[in-house]
2 protein chains.
Amino acid sequence: MILLTPNSRLQTQTPPNAIIVTMNTLVCFSNNAFMPLKDAGLPVTDLGVQRGYGIFDFLRVTDHVPLFQDDHLERFFNSASEMRLPAGKTKEELKEIIAHLIAKNNIPHAGIRILVSGGTSPDGYEIVQPNLVLVLQPITPPSDQICRQGYKLVTYPHQRQIPDVKTTDYLMATWINPWVKEKGADDVLYQQDGIISECPRSNFFIVTQSGTIVTPAKNILKGITRKQILSIAAEQGMKLEERDVSIEDIRVAKEAFISSSTKRIIPVVKIDDIVLPPFSNNSVTAKLYQYLLQREKGFQINL
Amino acid sequence: MILLTPNSRLQTQTPPNAIIVTMNTLVCFSNNAFMPLKDAGLPVTDLGVQRGYGIFDFLRVTDHVPLFQDDHLERFFNSASEMRLPAGKTKEELKEIIAHLIAKNNIPHAGIRILVSGGTSPDGYEIVQPNLVLVLQPITPPSDQICRQGYKLVTYPHQRQIPDVKTTDYLMATWINPWVKEKGADDVLYQQDGIISECPRSNFFIVTQSGTIVTPAKNILKGITRKQILSIAAEQGMKLEERDVSIEDIRVAKEAFISSSTKRIIPVVKIDDIVLPPFSNNSVTAKLYQYLLQREKGFQINL
């Protein structure tokens with residue numbers, strides 16, 4: 001039996017009433033049909049397998065609602081277009097498949113991965129017939145305890161290739177994972193020549209001593225939660241800058257946090273040897289978190 | 001029907017007596033058994049698909065002989081070890097599978113891809129049970145005409161991640177392929193800050209005006225044909241240096257060529273705006289090519 005959770009570290013903190021789901025009971029969409037996840041496969045000749053060539057998007061389902069679905073689908077179609085990987089479905093058709101996946105699996109809190117892999121290629125390069133796969137998996141968002149405790153990050157010199165596209169390239173993130181754990185960190189923060197970009201699956205923010213929220217502007221994947229934070233900041237008249245963030249900026253920052261669709265907002269309390277203040281209810285991070293929760297509660301699905 | 005050749009450009013130059021093979025007739029090794037390639041699949045949850053996490057090696061079969069098999073298997077096991085992807089087979093077992101694949105498919109000139117993908121992961125990162133797949137595909141090595149005509153290359157700023165490992169990461173190579181064709185080039189040559197590394201599937205060499213063979217030493221995948229060339233040069237007392245090669249070095253070079261298991265040695269006649277002399281029988285490139293052919297002919301399989 002495989003316990004599917006987004007983060008093995010969280011597994012031990014799964015509350016007692018958590019839904020334990022095996023792959024045998026999950027239904028996915030593959031090869032243009034709904035089918036048991038355990039039966040869904042891709043040809044070994046698929047460019048996704050052979051050449052690591054694929055794109056995806058990942059959205060969170062809360063109380064059966066696919067949060068910020070339009071934003072995710074917009075980014076998904078941008079990724080697909082940029083990588084010449086047509087999904088073979090319209091936005092409306094994908095919404096319908098997502099609604100069916102949620103209903104068929106009946107797991108109130110889940111993640112849905114919408115993936116297009118390159119398909120079998122006649123010459124190992126040319127894209128002929130990409131494959132569309134949608135997988136729903138149960139997820140457990142981080143507990144309040146983790147949010148209060150905060151994350152420790154460790155920096156590593158790396159720049160994701162084609163960074164503005166949500167490709168399936170997590171080679172570095174997967175490879176480096178044991179080293180990150182060895183360092184006692186919860187995640188890795190990529191930097192290049194001292195300039196921060198992102199975590200593999202999260203965006204990065206600092207709050208300066210003067211209270212300005214700052215987040216990297218370039219060489220990153222622009223997250224949907226990041227987009228919500230920018231919008232909240234504008235709405236609430238909070239100071240926000242999209243610009244380069246250096247290690248030195250972190251050293252003198254008041255707060256730091258990461259954002260992602262699964263994790264929402266998590267304060268960062270340590271980066272390498274830099275210690276940041278513990279979580280406080282009066283922090284900018286805590287305010288943004290509360291506003292984000294409100295947005296989630298008020299989210300109306302647009303079919 | 002899919003015509004499986006390593007390079008679609010070469011397809012038009014396939015000699016009339018070439019063997020046209022469809023996927024329906026090919027036998028591969030997957031899920032620990034020999035099976036028709038058309039039936040072989042990987043779970044959609046495999047890390048190879050979801051995270052682009054996999055390694056492989058590719059060896060050429062000539063007259064039913066897997067050329068330089070020990071060298072390829074040595075590199076394969078190094079890649080597997082470096083990425084924590086155990087193949088689940090010994091070197092001897094893989095040799096036996098390769099021999100069976102050659103016999104079962106009965107295609108005298110072929111390429112064999114030995115691939116290990118990450119397998120299904122409980123948390124999307126942790127490697128639990130990798131999948132081993134061996135696929136034999138017919139290939140057509142470049143014709144004498146192409147060798148005489150030479151390749152045109154176009155440079156692009158990129159550095160492969162984890163470059164000394166033969167990962168399945170060809171995201172950039174696949175993505176950039178249409179641009180390379182638009183530029184009228186046969187392949188892309190990666191550079192970073194003016195220092196050359198490699199082509200996506202080939203190593204790069206220049207020959208200086210004084211007749212020294214020079215090839216990049218670092219940030220590359222060390223090819224098996226490259227290894228043969230180094231060994232030939234040592235055996236024949238030819239001058240050879242493994243060191244950085246800059247664009248400026250190319251500008252004043254006498255010859256340039258690329259090497260790969262499929263392509264053997266192909267002279268390079270143009271790189272961006274730099275024009276190099278056409279192929280000559282008296283060139284160092286031509287001599288190395290002849291020595292390589294001799295080595296292939298004299299190759300004894302070591303079971």
# chains A, B, ... in the order shown; residues from 1 in each chain; ligands from 1
>>> closest_atom_pairs(of="range 105-186 of chain B", to="range 264-277 of chain B", cutoff="7 Å", atoms="only C-alpha atoms", output="CSV")
residue,atom,partner,partner_atom,distance
B:Cys147,CA,B:Ile266,CA,5.3
B:Gly150,CA,B:Pro267,CA,4.8
B:Tyr151,CA,B:Val268,CA,4.7
B:Lys152,CA,B:Lys270,CA,4.6
B:Leu153,CA,B:Ile271,CA,4.7
B:Val154,CA,B:Asp272,CA,4.9
B:Thr155,CA,B:Asp272,CA,6.5
>>> write_last_selection(atoms="C-alpha atoms", output="compact mmCIF listing (two decimals), in the first residue's frame")
# COMPACT_ATOMS: atom_id res chain seq x y z
CA CYS B 147 30.68 12.74 -43.20
CA GLY B 150 30.21 17.95 -42.52
CA TYR B 151 27.88 19.45 -39.93
CA LYS B 152 26.89 23.03 -39.32
CA LEU B 153 26.51 23.93 -35.63
CA VAL B 154 24.94 26.88 -33.89
CA THR B 155 25.97 27.82 -30.35
>>> closest_atom_pairs(of="chain A", to="chain B", cutoff="8 Å", atoms="only C-alpha atoms", output="CSV")
residue,atom,partner,partner_atom,distance
A:Ile2,CA,B:Pro122,CA,6.0
A:Leu3,CA,B:Pro122,CA,6.1
A:Leu4,CA,B:Pro122,CA,5.3
A:Thr5,CA,B:Asp123,CA,5.6
A:Pro6,CA,B:Asp123,CA,5.1
A:Asn7,CA,B:Asp123,CA,5.1
A:Ser8,CA,B:Asp123,CA,5.4
A:Leu37,CA,B:Val44,CA,7.9
A:Lys38,CA,B:Pro43,CA,7.3
A:Asp39,CA,B:Pro43,CA,7.6
A:Ala40,CA,B:Pro43,CA,6.0
A:Gly41,CA,B:Pro43,CA,4.3
A:Leu42,CA,B:Gly41,CA,5.1
A:Pro43,CA,B:Gly41,CA,4.3
A:Val44,CA,B:Gly41,CA,4.9
A:Gly48,CA,B:Val49,CA,5.3
A:Val49,CA,B:Gly48,CA,5.3
A:Gln50,CA,B:Thr168,CA,5.9
A:Arg51,CA,B:Tyr170,CA,4.9
A:Gly52,CA,B:Gly52,CA,4.3
A:Tyr53,CA,B:Leu171,CA,5.3
A:Gly54,CA,B:Val49,CA,7.6
A:Met83,CA,B:Trp175,CA,6.4
A:Ser117,CA,B:Val49,CA,7.4
A:Pro122,CA,B:Leu4,CA,5.3
A:Asp123,CA,B:Asn7,CA,5.0
A:Gly124,CA,B:Pro6,CA,6.6
A:Tyr125,CA,B:Thr174,CA,5.4
A:Glu126,CA,B:Thr174,CA,7.6
A:Val133,CA,B:Val44,CA,7.5
A:Gln161,CA,B:Met172,CA,7.4
A:Ile162,CA,B:Met172,CA,7.9
A:Thr168,CA,B:Arg51,CA,5.0
A:Asp169,CA,B:Gly52,CA,5.1
A:Tyr170,CA,B:Arg51,CA,4.9
A:Leu171,CA,B:Tyr53,CA,5.3
A:Met172,CA,B:Gln161,CA,7.4
A:Thr174,CA,B:Tyr125,CA,5.4
A:Trp175,CA,B:Met83,CA,6.4
A:Asn177,CA,B:Tyr125,CA,7.4
>>> select_by_dssp(residues="range 69-198 of chain A", states="strand (DSSP E)", output="PyMOL selection string")
chain A and resi 110-117+131-138+151-157+187-192+195-196
>>> atom_distance(atom1="CA of Lys287 in chain B", atom2="CA of Leu73 in chain B")
27.5 Å
>>> atom_distance(atom1="CA of Thr140 in chain B", atom2="CA of Gln290 in chain B")
18.6 Å
>>> closest_residue(among="B:Met238, B:Leu67, B:Ile220, B:Ile139", to="Gln191 in chain B", atoms="only C-alpha atoms")
B:Ile220
>>> select_by_dssp(residues="range 10-220 of chain A", states="alpha helix (DSSP H)", output="compact mmCIF listing (two decimals) with C-alpha atoms, in the first residue's frame")
# COMPACT_ATOMS: atom_id res chain seq x y z
CA LEU A 10 4.19 15.64 6.81
CA GLN A 11 3.09 12.03 6.88
CA LEU A 47 9.42 11.77 -24.74
CA GLY A 48 8.40 12.42 -21.14
CA VAL A 49 10.28 9.28 -20.14
CA GLN A 50 13.03 9.30 -22.78
CA GLN A 69 -8.77 26.86 -11.33
CA ASP A 70 -8.79 29.55 -14.04
CA ASP A 71 -5.35 30.82 -12.99
CA HIS A 72 -3.92 27.30 -13.05
CA LEU A 73 -5.44 26.49 -16.44
CA GLU A 74 -4.20 29.77 -17.90
CA ARG A 75 -0.66 28.95 -16.78
CA PHE A 76 -1.06 25.35 -17.96
CA PHE A 77 -2.00 26.46 -21.49
CA ASN A 78 0.90 28.94 -21.50
CA SER A 79 3.33 26.16 -20.52
CA ALA A 80 1.86 23.84 -23.16
CA SER A 81 2.13 26.48 -25.85
CA GLU A 82 5.69 27.47 -24.92
CA LYS A 91 -10.14 24.92 -21.11
CA GLU A 92 -13.81 24.04 -20.76
CA GLU A 93 -13.16 20.35 -21.47
CA LEU A 94 -10.39 20.31 -18.83
CA LYS A 95 -12.72 21.91 -16.29
CA GLU A 96 -15.25 19.18 -16.97
CA ILE A 97 -12.60 16.43 -16.56
CA ILE A 98 -11.46 18.05 -13.29
CA ALA A 99 -15.05 18.17 -12.00
CA HIS A 100 -15.50 14.50 -12.87
CA LEU A 101 -12.20 13.56 -11.18
CA ILE A 102 -13.27 15.33 -7.99
CA ALA A 103 -16.69 13.65 -8.04
CA LYS A 104 -15.40 10.17 -8.93
CA ASN A 105 -12.64 10.15 -6.31
CA ASP A 144 -0.94 25.07 11.93
CA GLN A 145 1.96 23.75 13.96
CA ILE A 146 4.27 23.71 10.90
CA CYS A 147 3.11 27.18 9.93
CA ARG A 148 3.97 28.48 13.40
CA GLN A 149 7.22 26.55 13.62
CA LEU A 171 15.91 16.51 -11.69
CA MET A 172 17.99 18.74 -9.40
CA ALA A 173 15.29 18.96 -6.71
CA THR A 174 14.90 15.18 -6.58
CA TRP A 175 18.63 14.54 -6.72
CA ILE A 176 19.48 17.02 -3.99
CA ASN A 177 16.67 16.01 -1.62
CA PRO A 178 18.78 13.70 0.63
CA TRP A 179 21.42 16.44 0.97
CA VAL A 180 18.72 18.93 2.02
CA LYS A 181 17.53 16.50 4.70
CA GLU A 182 21.12 15.90 5.83
>>> closest_residue(among="B:Arg201, B:Arg226, B:Arg295, B:Lys89", to="Leu189 in chain B", atoms="only C-alpha atoms")
B:Arg201
>>> residues_around(residues="range 245-261 of chain A", least_positions_apart="3", cutoff="6 Å", atoms="only C-alpha atoms", output="list in words")
Gly194, Ile195, Ile196, Ser202, Asn203, Phe204, Phe205, Ile206, Val207, Thr208, Gln209, Pro216, Thr225, Arg264, Ile265, Ile266, Pro267 and Val268 of chain A
>>> decode(residues="range 145-227 of chain A", atoms="C-alpha atoms", output="CSV table (one decimal), in the first residue's frame")
chain,number,residue,atom,x,y,z
A,145,GLN,CA,2.0,23.7,14.0
A,146,ILE,CA,4.3,23.7,10.9
A,147,CYS,CA,3.1,27.2,9.9
A,148,ARG,CA,4.0,28.5,13.4
A,149,GLN,CA,7.2,26.6,13.6
A,150,GLY,CA,8.4,27.7,10.2
A,151,TYR,CA,10.7,26.2,7.6
A,152,LYS,CA,14.4,26.0,7.5
A,153,LEU,CA,16.0,26.4,4.0
A,154,VAL,CA,19.4,25.7,2.6
A,155,THR,CA,20.6,27.5,-0.5
A,156,TYR,CA,22.1,25.8,-3.5
A,157,PRO,CA,23.6,27.3,-6.7
A,158,HIS,CA,21.2,26.3,-9.4
A,159,GLN,CA,19.0,27.9,-12.1
A,160,ARG,CA,16.1,26.0,-13.5
A,161,GLN,CA,16.2,25.9,-17.3
A,162,ILE,CA,13.2,27.6,-19.1
A,163,PRO,CA,12.2,28.9,-15.7
A,164,ASP,CA,8.9,30.6,-16.6
A,165,VAL,CA,7.4,27.3,-17.8
A,166,LYS,CA,6.2,24.6,-15.4
A,167,THR,CA,8.1,21.8,-17.0
A,168,THR,CA,8.5,18.3,-15.4
A,169,ASP,CA,12.2,19.1,-14.8
A,170,TYR,CA,12.7,18.4,-11.1
A,171,LEU,CA,15.9,16.5,-11.7
A,172,MET,CA,18.0,18.7,-9.4
A,173,ALA,CA,15.3,19.0,-6.7
A,174,THR,CA,14.9,15.2,-6.6
A,175,TRP,CA,18.6,14.5,-6.7
A,176,ILE,CA,19.5,17.0,-4.0
A,177,ASN,CA,16.7,16.0,-1.6
A,178,PRO,CA,18.8,13.7,0.6
A,179,TRP,CA,21.4,16.4,1.0
A,180,VAL,CA,18.7,18.9,2.0
A,181,LYS,CA,17.5,16.5,4.7
A,182,GLU,CA,21.1,15.9,5.8
A,183,LYS,CA,21.5,19.7,6.3
A,184,GLY,CA,18.4,19.6,8.6
A,185,ALA,CA,16.5,21.8,6.2
A,186,ASP,CA,12.9,21.5,5.0
A,187,ASP,CA,13.6,22.7,1.5
A,188,VAL,CA,16.3,24.0,-0.9
A,189,LEU,CA,16.4,27.6,-2.0
A,190,TYR,CA,18.0,28.1,-5.4
A,191,GLN,CA,20.5,31.0,-5.9
A,192,GLN,CA,22.9,31.9,-8.6
A,193,ASP,CA,25.8,34.3,-7.8
A,194,GLY,CA,24.1,35.2,-4.6
A,195,ILE,CA,20.8,36.2,-6.2
A,196,ILE,CA,17.8,34.1,-5.0
A,197,SER,CA,15.3,32.7,-7.5
A,198,GLU,CA,12.9,30.1,-5.8
A,199,CYS,CA,12.4,26.8,-4.1
A,200,PRO,CA,11.7,23.9,-6.4
A,201,ARG,CA,8.0,24.0,-5.6
A,202,SER,CA,7.5,27.4,-3.9
A,203,ASN,CA,8.1,31.1,-4.5
A,204,PHE,CA,10.2,33.1,-2.0
A,205,PHE,CA,9.5,36.4,-0.3
A,206,ILE,CA,11.1,38.6,2.2
A,207,VAL,CA,9.7,41.5,4.3
A,208,THR,CA,12.1,44.3,4.8
A,209,GLN,CA,12.6,46.2,8.0
A,210,SER,CA,10.4,49.0,6.6
A,211,GLY,CA,7.7,46.4,6.0
A,212,THR,CA,8.0,46.1,2.2
A,213,ILE,CA,7.2,42.7,0.8
A,214,VAL,CA,9.9,41.8,-1.8
A,215,THR,CA,9.9,38.8,-4.2
A,216,PRO,CA,12.2,37.8,-7.1
A,217,ALA,CA,10.9,39.1,-10.4
A,218,LYS,CA,12.8,37.0,-12.9
A,219,ASN,CA,14.2,33.5,-13.5
A,220,ILE,CA,11.3,32.0,-11.6
A,221,LEU,CA,8.1,30.1,-12.1
A,222,LYS,CA,5.3,32.6,-11.3
A,223,GLY,CA,3.2,30.7,-8.8
A,224,ILE,CA,-0.6,31.0,-8.5
A,225,THR,CA,-0.3,31.6,-4.7
A,226,ARG,CA,2.4,34.2,-5.5
A,227,LYS,CA,-0.1,35.9,-7.9
